[in-house]
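Working notes for the structure below.
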Amino acid sequence: ALRRCGVEMDRMLESGGELENAAAYLELHIEQGPVLEKLGLPLGVVLGTKGVERHSVTFTGQEAHSGSTPMLERRDALGAAAKLALEIREIAKQFPDAVGTVGSLKTLPGIVTAVVGRAEMTLDQRDLSTEVLKSMLEQAKAAADKFALEENVTVEWNRIWQIEPIPFHPALIELCRQSILEVTDQSHLLPSGPLHDAAEIARKGIPTVMLFVQSLKGISHNKIEDTRRDHLELCVQVLDELTDKTVGWVL
């Protein structure tokens, strides 16, 4: 049933016609992260989905024999890539909700007896603030240039994909917060790193909000993904309250 709903939502987003009379959109989803569990809270209000800057970064040096090339004579592409991978984490740590991830790294020629002549890495940066996202990307590019100079290599950037932050409707965020407090004693506001159908609905100009329910161990897209039964019961109650409040807000 969930799969059919997803297919139907994709069809609606592509056509756009069925959304003309939509007054609001509410979405309930597992958090897919560890924040709510760490806080000891079952539910949270989603402020919006983070913007994404996704790039490939390629450092090019010179392949050379690992046994005969002195350390100071090397143009090691992996040296620059390794430094950047570590720096990406430090850049993201400057901002409370930002994340930066080097998800893949390929070296060429990729053999034990050769200094790396080419290192290809992927970078994913996310935050709910456009300004923060811009700052992180600028810092990453400056760091890449610095490390390329240190290792006597070149660096090239190519954008893979980009999407702007998508904030949800402030009135619905408040209604969601109120609904949680009618069922539990505490609410929490947080951004969503993953993208959702709600983000695309909001981009169409329809008032939108999401409700998160806690994910055990913060794990998603894995066979151990799970949510407590009592938390599921709470989130259904809150969604019912939120629906009633939203209908009143619309009317």
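Simple scheme: letters A, B, ... for chains in structure tokens order, numbers from 1 for residues in each chain, numbers from 1 for ligands in the order shown.
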
* Skip region 159-165 of chain A itself and residues of its chain fewer than 5 positions away, then list as a list in words all residues within 6 Å of it, counting only C-alpha atoms. =>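 What passes the distance filter is Thr49, Lys50, Gly51, Val52, Glu53, Arg54, His55 and Leu128 of chain A.
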
* region 27-115 of chain A: which residues are strand (DSSP E or B) by DSSP, as a ChimeraX atom specification? -> /A:27-30,43-49,51-60,64-65,99-108,114-115

With C-alpha atoms retained, could you export that selection as an mmCIF file, in the first residue's frame?
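Okay, this is what ended up in result-v6.cif:
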data_model
loop_
_atom_site.group_PDB
_atom_site.id
_atom_site.type_symbol
_atom_site.label_atom_id
_atom_site.label_comp_id
_atom_site.auth_asym_id
_atom_site.auth_seq_id
_atom_site.Cartn_x
_atom_site.Cartn_y
_atom_site.Cartn_z
ATOM 1 C CA GLU A 27 3.231 14.109 6.044
ATOM 2 C CA LEU A 28 4.127 11.647 8.788
ATOM 3 C CA HIS A 29 7.526 9.938 8.490
ATOM 4 C CA ILE A 30 10.133 8.160 10.560
ATOM 5 C CA LEU A 43 8.015 13.023 18.083
ATOM 6 C CA GLY A 44 9.334 16.131 16.369
ATOM 7 C CA VAL A 45 8.157 18.943 14.098
ATOM 8 C CA VAL A 46 10.061 19.304 10.828
ATOM 9 C CA LEU A 47 11.101 22.855 9.936
ATOM 10 C CA GLY A 48 11.846 21.987 6.312
ATOM 11 C CA THR A 49 14.233 19.986 4.173
ATOM 12 C CA GLY A 51 19.368 22.290 0.729
ATOM 13 C CA VAL A 52 21.971 20.108 -0.967
ATOM 14 C CA GLU A 53 25.241 20.860 -2.753
ATOM 15 C CA ARG A 54 26.643 17.684 -4.327
ATOM 16 C CA HIS A 55 29.915 17.717 -6.252
ATOM 17 C CA SER A 56 32.635 15.513 -7.634
ATOM 18 C CA VAL A 57 36.140 16.699 -6.802
ATOM 19 C CA THR A 58 39.130 15.403 -8.757
ATOM 20 C CA PHE A 59 42.756 15.874 -7.743
ATOM 21 C CA THR A 60 45.350 15.137 -10.443
ATOM 22 C CA ALA A 64 55.115 7.292 -9.853
ATOM 23 C CA HIS A 65 56.773 4.198 -8.433
ATOM 24 C CA VAL A 99 26.387 17.945 7.487
ATOM 25 C CA GLY A 100 29.183 17.247 5.036
ATOM 26 C CA THR A 101 29.984 13.824 3.647
ATOM 27 C CA VAL A 102 32.658 12.374 1.401
ATOM 28 C CA GLY A 103 30.789 9.289 0.289
ATOM 29 C CA SER A 104 33.192 7.795 -2.214
ATOM 30 C CA LEU A 105 36.870 7.968 -3.126
ATOM 31 C CA LYS A 106 38.514 6.310 -6.135
ATOM 32 C CA THR A 107 42.255 6.275 -6.723
ATOM 33 C CA LEU A 108 44.145 5.642 -9.942
ATOM 34 C CA ALA A 114 52.211 3.359 -7.358
ATOM 35 C CA VAL A 115 51.823 6.868 -5.988
#

* Asked: What is the CA of Ile166 (chain A)-CA of Glu200 (chain A) distance in Å, reported with one decimal?
  -> 8.6 Å

* Asked: Hey, what's within 9 Å of Ala144 (chain A) if we count only C-alpha atoms and toss same-chain stuff fewer than 5 positions away? As number ranges by chain, please?
  -> A: 57, 59, 80-81, 83-84, 139, 149, 155

* **Exercise: Lys204 (chain A) partners within 10 Å, only C-alpha atoms, chain neighbours under 2 positions left out, as a ChimeraX atom specification** => /A:13,16,19-20,198-202,206-208

Could you write those residues out with N, CA, C and O atoms, as a tab-separated table (two decimals), in the first residue's frame?
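File out_20.tsv, as written:
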chain	number	residue	atom	x	y	z
A	13	LEU	N	2.86	14.69	-8.74
A	13	LEU	CA	3.87	15.74	-8.82
A	13	LEU	C	4.26	16.00	-10.27
A	13	LEU	O	4.52	17.14	-10.66
A	16	GLY	N	0.92	17.70	-11.88
A	16	GLY	CA	0.63	19.00	-11.28
A	16	GLY	C	-0.85	19.33	-11.23
A	16	GLY	O	-1.27	20.13	-10.41
A	19	LEU	N	-3.00	18.92	-7.93
A	19	LEU	CA	-2.62	19.73	-6.78
A	19	LEU	C	-3.32	21.09	-6.76
A	19	LEU	O	-3.19	21.83	-5.79
A	20	GLU	N	-4.05	21.41	-7.81
A	20	GLU	CA	-4.63	22.75	-7.92
A	20	GLU	C	-5.57	23.07	-6.78
A	20	GLU	O	-5.65	24.21	-6.33
A	198	ALA	N	7.04	15.78	0.76
A	198	ALA	CA	6.59	17.06	1.30
A	198	ALA	C	7.39	18.23	0.72
A	198	ALA	O	6.85	19.32	0.51
A	199	ALA	N	8.67	18.01	0.48
A	199	ALA	CA	9.50	19.08	-0.07
A	199	ALA	C	9.02	19.49	-1.46
A	199	ALA	O	8.94	20.69	-1.78
A	200	GLU	N	8.70	18.51	-2.28
A	200	GLU	CA	8.23	18.81	-3.64
A	200	GLU	C	6.85	19.46	-3.62
A	200	GLU	O	6.56	20.34	-4.43
A	201	ILE	N	5.99	19.04	-2.68
A	201	ILE	CA	4.68	19.67	-2.55
A	201	ILE	C	4.85	21.14	-2.14
A	201	ILE	O	4.19	22.04	-2.68
A	202	ALA	N	5.74	21.39	-1.17
A	202	ALA	CA	5.98	22.76	-0.72
A	202	ALA	C	6.53	23.62	-1.85
A	202	ALA	O	6.21	24.81	-1.95
A	206	ILE	N	2.18	24.88	-1.98
A	206	ILE	CA	1.12	24.40	-1.10
A	206	ILE	C	1.62	24.39	0.34
A	206	ILE	O	2.71	23.85	0.62
A	207	PRO	N	0.88	24.97	1.30
A	207	PRO	CA	1.28	24.94	2.71
A	207	PRO	C	1.54	23.50	3.17
A	207	PRO	O	0.68	22.63	3.01
A	208	THR	N	2.71	23.27	3.75
A	208	THR	CA	3.17	21.91	4.03
A	208	THR	C	3.86	21.85	5.38
A	208	THR	O	4.51	22.80	5.82

* Of the candidates A:Ala85, A:Val112, A:Val213, A:Leu251, which one gets nearest to Val236 (chain A) if we count only C-alpha atoms? ->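 Smallest separation from Val236 (chain A) among the options: A:Val213.
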
* Structure fact -> re CA of Gly248 (chain A) and CA of Cys235 (chain A): distance 19.9 Å
